[in-house]
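Below is work26.cif, holding mmCIF, C-alpha atoms.
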```cif
data_model
loop_
_atom_site.group_PDB
_atom_site.id
_atom_site.type_symbol
_atom_site.label_atom_id
_atom_site.label_comp_id
_atom_site.auth_asym_id
_atom_site.auth_seq_id
_atom_site.Cartn_x
_atom_site.Cartn_y
_atom_site.Cartn_z
ATOM 1 C CA MET A 149 121.548 85.131 117.225
ATOM 2 C CA THR A 150 121.878 88.681 118.485
ATOM 3 C CA ASP A 151 118.613 90.425 119.226
ATOM 4 C CA PRO A 152 118.593 93.752 117.337
ATOM 5 C CA ILE A 153 116.420 95.321 120.011
ATOM 6 C CA ASP A 154 119.242 94.746 122.491
ATOM 7 C CA GLU A 155 121.828 96.535 120.340
ATOM 8 C CA PHE A 156 120.495 100.035 120.813
ATOM 9 C CA ASP A 157 123.317 101.208 123.031
ATOM 10 C CA ASP A 158 125.790 100.505 120.252
ATOM 11 C CA LEU A 159 124.615 103.311 117.984
ATOM 12 C CA PRO A 160 127.416 105.903 117.893
ATOM 13 C CA ASP A 161 126.707 109.586 117.347
ATOM 14 C CA ASP A 162 128.511 109.537 114.011
ATOM 15 C CA ALA A 163 126.835 106.390 112.688
ATOM 16 C CA PRO A 164 126.154 106.822 108.952
ATOM 17 C CA LEU A 165 122.520 107.154 108.022
ATOM 18 C CA PRO A 166 120.991 103.875 106.894
ATOM 19 C CA GLY A 167 119.371 103.287 103.526
ATOM 20 C CA THR A 168 119.732 105.305 100.347
ATOM 21 C CA ASP A 169 119.137 108.862 99.164
ATOM 22 C CA GLN A 170 115.931 109.949 97.515
ATOM 23 C CA PRO A 171 115.321 108.568 94.029
ATOM 24 C CA ASP A 172 115.096 110.834 90.982
ATOM 25 C CA LYS A 173 111.327 110.953 91.378
ATOM 26 C CA PRO A 174 109.870 111.591 94.824
ATOM 27 C CA ASP A 175 107.761 108.988 96.549
ATOM 28 C CA PRO A 176 104.203 110.329 96.272
ATOM 29 C CA GLY A 177 103.714 110.172 100.042
ATOM 30 C CA ASN A 178 100.425 109.763 101.819
ATOM 31 C CA ALA A 179 96.994 109.333 100.267
ATOM 32 C CA PRO A 180 93.847 111.309 101.182
ATOM 33 C CA VAL A 181 91.787 110.089 104.128
ATOM 34 C CA ARG A 182 88.138 110.171 103.094
ATOM 35 C CA GLU A 183 85.264 109.233 105.324
ATOM 36 C CA ASP A 184 81.988 110.979 106.075
ATOM 37 C CA THR A 185 81.148 113.875 103.807
ATOM 38 C CA THR A 186 80.664 116.321 106.679
ATOM 39 C CA GLU A 187 84.427 116.721 106.841
ATOM 40 C CA GLU A 188 84.928 117.414 103.188
ATOM 41 C CA ARG A 189 84.316 121.076 102.625
ATOM 42 C CA GLU A 190 84.862 121.684 98.962
ATOM 43 C CA PRO A 191 86.217 125.141 98.118
ATOM 44 C CA MET B 221 117.099 101.438 131.558
ATOM 45 C CA SER B 222 114.530 99.504 129.558
ATOM 46 C CA ARG B 223 112.746 102.593 128.276
ATOM 47 C CA PRO B 224 115.251 104.841 126.500
ATOM 48 C CA VAL B 225 115.207 108.313 127.939
ATOM 49 C CA ARG B 226 114.260 109.881 124.610
ATOM 50 C CA LEU B 227 111.298 107.538 124.357
ATOM 51 C CA GLN B 228 110.175 108.768 127.743
ATOM 52 C CA LEU B 229 110.467 112.356 126.494
ATOM 53 C CA ALA B 230 108.423 111.517 123.410
ATOM 54 C CA ILE B 231 105.725 109.750 125.426
ATOM 55 C CA ALA B 232 105.445 112.728 127.761
ATOM 56 C CA GLY B 233 105.284 115.055 124.772
ATOM 57 C CA ARG B 234 102.527 113.078 123.092
ATOM 58 C CA ARG B 235 100.535 113.017 126.317
ATOM 59 C CA LYS B 236 100.917 116.757 126.652
ATOM 60 C CA HIS B 237 99.981 117.427 123.016
ATOM 61 C CA PRO B 238 97.961 114.503 121.549
ATOM 62 C CA THR B 239 97.573 116.296 118.217
ATOM 63 C CA GLN B 240 96.060 114.485 115.227
ATOM 64 C CA GLN B 241 95.693 115.178 111.529
ATOM 65 C CA PHE B 242 92.099 116.397 111.859
ATOM 66 C CA GLY B 243 90.924 119.336 113.895
ATOM 67 C CA SER B 244 94.143 121.319 113.949
ATOM 68 C CA GLY B 245 92.847 124.478 112.247
ATOM 69 C CA ASP B 246 94.601 126.515 109.540
ATOM 70 C CA ASP B 247 94.484 123.417 107.359
ATOM 71 C CA GLU B 248 92.945 124.549 104.092
ATOM 72 C CA TYR B 249 95.860 123.245 102.017
ATOM 73 C CA THR B 250 95.235 119.731 103.351
ATOM 74 C CA ALA B 251 91.445 119.877 102.850
ATOM 75 C CA ASN B 252 90.788 120.252 106.581
ATOM 76 C CA GLY B 253 93.348 117.628 107.485
ATOM 77 C CA ALA B 254 92.220 114.866 105.134
ATOM 78 C CA LEU B 255 95.604 115.018 103.351
ATOM 79 C CA GLY B 256 97.556 115.937 106.434
ATOM 80 C CA CYS B 257 98.942 112.819 108.112
ATOM 81 C CA THR B 258 102.521 113.714 107.182
ATOM 82 C CA HIS B 259 101.852 117.355 108.074
ATOM 83 C CA ALA B 260 100.615 116.243 111.506
ATOM 84 C CA VAL B 261 103.747 114.200 112.129
ATOM 85 C CA LEU B 262 106.020 117.060 111.032
ATOM 86 C CA ALA B 263 104.107 119.579 113.152
ATOM 87 C CA TRP B 264 104.486 117.491 116.282
ATOM 88 C CA LEU B 265 108.127 116.621 115.557
ATOM 89 C CA THR B 266 108.899 120.314 115.124
ATOM 90 C CA TRP B 267 107.353 121.021 118.492
ATOM 91 C CA LEU B 268 109.340 118.188 120.087
ATOM 92 C CA TRP B 269 112.679 119.397 118.717
ATOM 93 C CA LYS B 270 112.205 123.152 118.481
ATOM 94 C CA ARG B 271 109.229 123.963 120.730
ATOM 95 C CA THR B 272 107.572 125.727 117.813
ATOM 96 C CA TRP B 273 104.201 124.929 116.246
ATOM 97 C CA TYR B 274 103.522 125.126 112.538
ATOM 98 C CA SER B 275 100.032 124.690 111.090
ATOM 99 C CA HIS B 276 99.314 122.534 108.046
ATOM 100 C CA ASP B 277 99.118 125.647 105.900
ATOM 101 C CA GLN B 278 102.405 127.025 107.229
ATOM 102 C CA ILE B 279 104.136 123.692 106.643
ATOM 103 C CA SER B 280 102.688 123.595 103.139
ATOM 104 C CA ARG B 281 104.005 127.028 102.208
ATOM 105 C CA ILE B 282 107.461 126.301 103.632
ATOM 106 C CA ALA B 283 107.620 122.920 101.878
ATOM 107 C CA GLY B 284 106.349 124.210 98.526
ATOM 108 C CA TYR B 285 103.261 122.002 98.711
ATOM 109 C CA PRO B 286 100.362 123.301 96.614
ATOM 110 C CA ASP B 287 96.923 124.050 98.070
ATOM 111 C CA GLN B 288 95.145 120.796 97.268
ATOM 112 C CA THR B 289 91.666 122.326 97.329
ATOM 113 C CA ARG B 290 92.459 123.633 93.835
ATOM 114 C CA TYR B 291 92.204 120.076 92.585
ATOM 115 C CA SER B 292 89.508 117.428 92.375
ATOM 116 C CA TRP B 293 89.573 114.739 95.061
ATOM 117 C CA ALA B 294 90.966 112.231 92.589
ATOM 118 C CA ASN B 295 94.014 114.440 92.078
ATOM 119 C CA ARG B 296 94.729 115.411 95.670
ATOM 120 C CA ARG B 297 97.740 114.111 97.568
ATOM 121 C CA GLY B 298 99.738 114.542 100.748
ATOM 122 C CA LEU B 299 103.307 115.773 101.096
ATOM 123 C CA ASN B 300 105.702 113.966 98.808
ATOM 124 C CA THR B 301 109.185 113.057 99.961
ATOM 125 C CA TYR B 302 110.906 116.035 98.294
ATOM 126 C CA GLU B 303 108.547 118.387 100.105
ATOM 127 C CA VAL B 304 109.149 116.644 103.424
ATOM 128 C CA GLN B 305 112.898 117.116 103.018
ATOM 129 C CA ALA B 306 112.461 120.724 101.913
ATOM 130 C CA PHE B 307 110.474 121.519 105.063
ATOM 131 C CA CYS B 308 113.071 119.879 107.323
ATOM 132 C CA ASP B 309 115.952 121.687 105.609
ATOM 133 C CA ARG B 310 114.264 125.090 105.592
ATOM 134 C CA ILE B 311 113.380 125.151 109.292
ATOM 135 C CA GLY B 312 116.429 123.217 110.522
ATOM 136 C CA LEU B 313 114.644 120.076 111.665
ATOM 137 C CA PRO B 314 117.528 117.536 111.771
ATOM 138 C CA TYR B 315 115.994 114.773 109.694
ATOM 139 C CA GLN B 316 116.759 113.091 106.392
ATOM 140 C CA VAL B 317 114.419 111.183 104.101
ATOM 141 C CA ARG B 318 115.904 107.764 103.402
ATOM 142 C CA PHE B 319 114.783 104.784 101.374
ATOM 143 C CA GLY B 320 115.212 101.055 101.855
ATOM 144 C CA VAL B 321 115.995 101.295 105.566
ATOM 145 C CA SER B 322 115.857 97.943 107.365
ATOM 146 C CA ILE B 323 113.498 97.365 110.273
ATOM 147 C CA GLU B 324 116.529 96.874 112.519
ATOM 148 C CA ASP B 325 117.866 100.296 111.585
ATOM 149 C CA ILE B 326 114.470 101.915 112.120
ATOM 150 C CA ARG B 327 114.610 100.587 115.678
ATOM 151 C CA ARG B 328 118.268 101.490 116.199
ATOM 152 C CA PHE B 329 117.872 105.067 115.024
ATOM 153 C CA SER B 330 114.739 105.571 117.117
ATOM 154 C CA LYS B 331 117.136 105.767 120.044
ATOM 155 C CA ARG B 332 118.201 109.177 118.695
ATOM 156 C CA GLY B 333 114.628 110.387 118.469
ATOM 157 C CA PRO B 334 111.317 109.482 116.799
ATOM 158 C CA VAL B 335 111.552 107.973 113.305
ATOM 159 C CA GLY B 336 108.896 108.630 110.633
ATOM 160 C CA PHE B 337 107.876 105.998 108.123
ATOM 161 C CA GLY B 338 105.405 105.266 105.353
ATOM 162 C CA HIS B 339 103.010 102.326 105.664
ATOM 163 C CA SER B 340 99.657 100.999 104.542
ATOM 164 C CA TYR B 341 96.935 102.106 106.964
ATOM 165 C CA SER B 342 95.344 98.674 106.557
ATOM 166 C CA HIS B 343 98.125 97.073 108.618
ATOM 167 C CA TRP B 344 98.059 99.366 111.633
ATOM 168 C CA PRO B 345 96.732 97.403 114.666
ATOM 169 C CA GLU B 346 93.076 98.126 115.341
ATOM 170 C CA TRP B 347 91.290 99.725 118.281
ATOM 171 C CA LYS B 348 89.688 96.796 120.087
ATOM 172 C CA GLY B 349 85.908 97.008 120.141
ATOM 173 C CA TYR B 350 85.700 100.053 117.854
ATOM 174 C CA ARG B 351 82.617 100.383 115.651
ATOM 175 C CA TYR B 352 82.704 102.408 112.453
ATOM 176 C CA GLY B 353 80.881 102.269 109.150
ATOM 177 C CA GLY B 354 78.818 99.239 110.150
ATOM 178 C CA ARG B 355 81.858 97.244 111.177
ATOM 179 C CA THR B 356 83.319 96.233 114.504
ATOM 180 C CA SER B 357 87.077 95.823 114.682
ATOM 181 C CA ASP B 358 88.154 92.196 114.419
ATOM 182 C CA GLY B 359 91.920 92.451 114.760
ATOM 183 C CA ARG B 360 92.623 91.498 111.164
ATOM 184 C CA PRO B 361 95.138 91.543 109.643
ATOM 185 C CA ASN B 362 97.449 92.754 112.417
ATOM 186 C CA GLY B 363 95.812 92.445 115.808
ATOM 187 C CA PHE B 364 94.885 95.180 118.240
ATOM 188 C CA ALA B 365 96.855 98.116 119.582
ATOM 189 C CA SER B 366 97.384 98.691 123.285
ATOM 190 C CA PRO B 367 96.058 99.973 125.599
ATOM 191 C CA LEU B 368 93.156 97.781 124.433
ATOM 192 C CA GLY B 369 90.084 99.828 123.613
ATOM 193 C CA GLU B 370 92.008 103.099 123.972
ATOM 194 C CA ALA B 371 94.350 103.104 120.988
ATOM 195 C CA GLY B 372 94.702 101.884 117.429
ATOM 196 C CA ARG B 373 93.206 102.200 113.979
ATOM 197 C CA THR B 374 89.574 103.344 113.964
ATOM 198 C CA GLN B 375 88.697 103.980 110.315
ATOM 199 C CA LEU B 376 87.541 100.444 109.569
ATOM 200 C CA VAL B 377 86.128 101.209 106.114
ATOM 201 C CA GLY B 378 86.843 103.722 103.366
ATOM 202 C CA PHE B 379 90.644 104.012 103.604
ATOM 203 C CA THR B 380 91.975 100.813 102.118
ATOM 204 C CA PRO B 381 94.728 99.562 99.772
ATOM 205 C CA PRO B 382 95.942 100.530 97.292
ATOM 206 C CA TYR B 383 94.799 104.054 98.253
ATOM 207 C CA ASP B 384 95.802 104.104 101.904
ATOM 208 C CA ALA B 385 99.452 105.199 101.982
ATOM 209 C CA HIS B 386 99.888 106.729 105.416
ATOM 210 C CA PHE B 387 102.631 108.217 107.565
ATOM 211 C CA GLY B 388 103.424 107.265 111.157
ATOM 212 C CA LEU B 389 106.075 107.874 113.765
ATOM 213 C CA LEU B 390 107.953 105.329 115.863
ATOM 214 C CA LEU B 391 108.524 107.069 119.187
ATOM 215 C CA GLY B 392 110.800 104.311 120.440
ATOM 216 C CA VAL B 393 110.987 100.793 121.801
ATOM 217 C CA ASN B 394 110.866 99.474 125.338
ATOM 218 C CA ARG B 395 113.582 96.843 125.276
ATOM 219 C CA ALA B 396 112.323 94.935 128.298
ATOM 220 C CA THR B 397 108.766 94.449 127.074
ATOM 221 C CA ARG B 398 109.589 94.752 123.331
ATOM 222 C CA GLN B 399 106.649 97.118 123.062
ATOM 223 C CA HIS B 400 106.880 99.625 120.218
ATOM 224 C CA PHE B 401 105.389 103.071 120.896
ATOM 225 C CA ALA B 402 104.069 104.801 117.783
ATOM 226 C CA PHE B 403 101.919 107.747 116.677
ATOM 227 C CA GLU B 404 99.306 107.238 113.945
ATOM 228 C CA PRO B 405 97.531 110.536 113.188
ATOM 229 C CA ASN B 406 94.234 109.524 111.517
ATOM 230 C CA HIS B 407 92.024 110.663 114.437
ATOM 231 C CA ASN B 408 90.038 113.610 115.792
ATOM 232 C CA SER B 409 87.669 113.747 112.826
ATOM 233 C CA GLY B 410 83.968 114.530 113.063
ATOM 234 C CA SER B 411 82.990 110.880 113.232
ATOM 235 C CA ARG B 412 86.072 109.613 115.084
ATOM 236 C CA PRO B 413 86.823 112.213 117.768
ATOM 237 C CA GLU B 414 89.344 110.250 119.856
ATOM 238 C CA ARG B 415 92.843 111.615 120.343
ATOM 239 C CA PRO B 416 95.074 108.733 121.463
ATOM 240 C CA PRO B 417 98.533 110.135 122.277
ATOM 241 C CA PHE B 418 100.230 106.978 120.972
ATOM 242 C CA ASP B 419 99.654 103.305 120.299
ATOM 243 C CA ARG B 420 101.635 100.374 121.614
ATOM 244 C CA MET B 421 102.264 97.197 119.659
ATOM 245 C CA GLY B 422 104.537 94.181 119.714
ATOM 246 C CA ALA B 423 107.701 93.748 117.667
ATOM 247 C CA ARG B 424 106.073 91.456 115.114
ATOM 248 C CA GLN B 425 103.109 93.794 114.721
ATOM 249 C CA PHE B 426 105.436 96.708 114.057
ATOM 250 C CA GLU B 427 107.316 94.692 111.467
ATOM 251 C CA ARG B 428 104.068 94.007 109.623
ATOM 252 C CA VAL B 429 103.208 97.704 109.687
ATOM 253 C CA TYR B 430 106.586 98.757 108.333
ATOM 254 C CA ASP B 431 106.686 95.991 105.715
ATOM 255 C CA SER B 432 103.218 96.906 104.433
ATOM 256 C CA TYR B 433 104.573 99.873 102.485
ATOM 257 C CA THR B 434 106.308 97.339 100.276
ATOM 258 C CA THR B 435 104.182 94.211 100.539
ATOM 259 C CA THR B 436 100.799 95.919 100.254
ATOM 260 C CA LEU B 437 101.519 99.139 98.371
ATOM 261 C CA GLY B 438 104.504 98.009 96.300
ATOM 262 C CA ARG B 439 106.692 100.960 97.287
ATOM 263 C CA SER B 440 110.270 101.144 98.501
ATOM 264 C CA PRO B 441 110.491 101.537 102.311
ATOM 265 C CA TYR B 442 110.431 105.268 103.129
ATOM 266 C CA ALA B 443 111.658 106.663 106.423
ATOM 267 C CA LEU B 444 112.468 110.008 108.036
ATOM 268 C CA ILE B 445 115.572 109.500 110.169
ATOM 269 C CA PRO B 446 117.015 111.836 112.853
ATOM 270 C CA VAL B 447 120.570 112.833 111.972
ATOM 271 C CA ARG B 448 121.496 113.525 115.601
ATOM 272 C CA ARG B 449 120.206 112.857 119.097
ATOM 273 C CA LEU B 450 117.205 114.681 120.456
ATOM 274 C CA PRO B 451 118.627 117.015 123.117
ATOM 275 C CA LEU B 452 117.687 116.122 126.693
#
```
Please re-express this file's structure in structure tokens.
Amino acid sequence: MTDPIDEFDDLPDDAPLPGTDQPDKPDPGNAPVREDTTEEREP
Amino acid sequence: MSRPVRLQLAIAGRRKHPTQQFGSGDDEYTANGALGCTHAVLAWLTWLWKRTWYSHDQISRIAGYPDQTRYSWANRRGLNTYEVQAFCDRIGLPYQVRFGVSIEDIRRFSKRGPVGFGHSYSHWPEWKGYRYGGRTSDGRPNGFASPLGEAGRTQLVGFTPPYDAHFGLLLGVNRATRQHFAFEPNHNSGSRPERPPFDRMGARQFERVYDSYTTTLGRSPYALIPVRRLPL
């Protein structure tokens, strides 16, 4: 079996982008990081 | 060469500027960085490619991301994927948001330049020996990051699934050692002041991190892929 880590040199400049385009609704992205209250300055 | 040259550039860049999501200044839109993991990754990527710094607030305005301090904590969020793409397009950062990218392609395309990706914070390897919130890191569920005791996840409580969607950056892979070099920006806060430039982890550890966006959070794999090679 070919090791994918050893195939890096085979990536041509014009290689098509992997995966798919964005869906109709965006992914919501990252969540808030909450920890000690000293960092949370409410407006 | 076992370390791709662009990985070496990225490592040097992270060492020169070990920026994190907290403590950057001009970060009102992200509630002083609490919502700014994706902002922090974009800011550093923009410096790497264009030698220009944008603050969280500047990125927000360019991306069309609303000031989150207008909202209650329960309704605050980070950059969504449309806003990430809008920022890249508007400043000419050569990246595309893609979904469903395989782990093999994440590695392959990291040879062009760093690759961003969504994940569950819970699966990032921990900082060995770190104490936070009454807990000491125990390496569960995904081991420790290297260098041991100098890198890795430090928020051991309070940022957990299903509310811990996070954004990281694969800087590249050392093919000889199979070590994956990655940037995780949840650092430099008041209670966790460290600023590790990057974390190292093994291939299997990285797979668990990347898979966690789907297996733990139930989302489709989300990645930010360079469309061309980082200039040398």
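Proximity of B:Ser292, B:Ser440, B:Ser330, B:Gln375 to His400 (chain B), computed with all atoms listed in the file, is greatest for B:Ser330.
Residues matched by the PyMOL selection byres ((chain B and resi 444) around 8) in this file are Tyr315, Gln316, Val317, Arg318, Val335, Gly336, Phe337, Tyr442, Ala443, Ile445 and Pro446 of chain B.
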For this session: Between CA of Met421 (chain B) and CA of Asn362 (chain B), measure the distance and give it in Å to one decimal.
Result: 9.8 Å
Problem set entry | Hits from the PyMOL selection byres ((chain B and resi 277) around 12), listed as a ChimeraX atom specification | /B:244-253,255-256,259-260,263,273-276,278-289,299
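Taking CA of Glu414 (chain B) as the reference point, CA of Leu268 (chain B) is found at 21.5 Å.
Computed from the coordinates, the CA of Arg327 (chain B) to CA of Phe307 (chain B) distance equals 23.8 Å.
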Run the PyMOL selection byres ((chain A) within 6 of (chain B)) mentally over the shown coordinates, then write out the matched residues as a CSV table (one decimal) with C-alpha atoms, in the frame of the given file, using the chain letters and numbers from the document.
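To be explicit, this is the file written out as part.csv:
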```csv
chain,number,residue,atom,x,y,z
A,156,PHE,CA,120.5,100.0,120.8
A,166,PRO,CA,121.0,103.9,106.9
A,167,GLY,CA,119.4,103.3,103.5
A,168,THR,CA,119.7,105.3,100.3
A,169,ASP,CA,119.1,108.9,99.2
A,174,PRO,CA,109.9,111.6,94.8
A,175,ASP,CA,107.8,109.0,96.5
A,176,PRO,CA,104.2,110.3,96.3
A,177,GLY,CA,103.7,110.2,100.0
A,178,ASN,CA,100.4,109.8,101.8
A,179,ALA,CA,97.0,109.3,100.3
A,180,PRO,CA,93.8,111.3,101.2
A,181,VAL,CA,91.8,110.1,104.1
```
Exercise. Do you know which residues are at most 10 Å from His237 (chain B) counting only C-alpha atoms, after dropping those on the same chain fewer than 6 positions away, and could you put them as a list of chain:residue names?
Worked result: B:Ile231, B:Trp264, B:Trp267, B:Leu268, B:Arg415, B:Pro417
Those residues with C-alpha atoms, as a JSON list (two decimals), keeping the file's coordinate frame please?
```
[["chain", "number", "residue", "atom", "x", "y", "z"],
["B", 231, "ILE", "CA", 105.72, 109.75, 125.43],
["B", 264, "TRP", "CA", 104.49, 117.49, 116.28],
["B", 267, "TRP", "CA", 107.35, 121.02, 118.49],
["B", 268, "LEU", "CA", 109.34, 118.19, 120.09],
["B", 415, "ARG", "CA", 92.84, 111.62, 120.34],
["B", 417, "PRO", "CA", 98.53, 110.14, 122.28]]
```
Axis-aligned box for all listed atoms of region 384-392 of chain B, 5 Å per side, centre and edges in Å to one decimal, as AutoDock Vina command-line options:
```
--center_x 103.3 --center_y 106.2 --center_z 111.2 --size_x 25.0 --size_y 14.1 --size_z 28.5
```
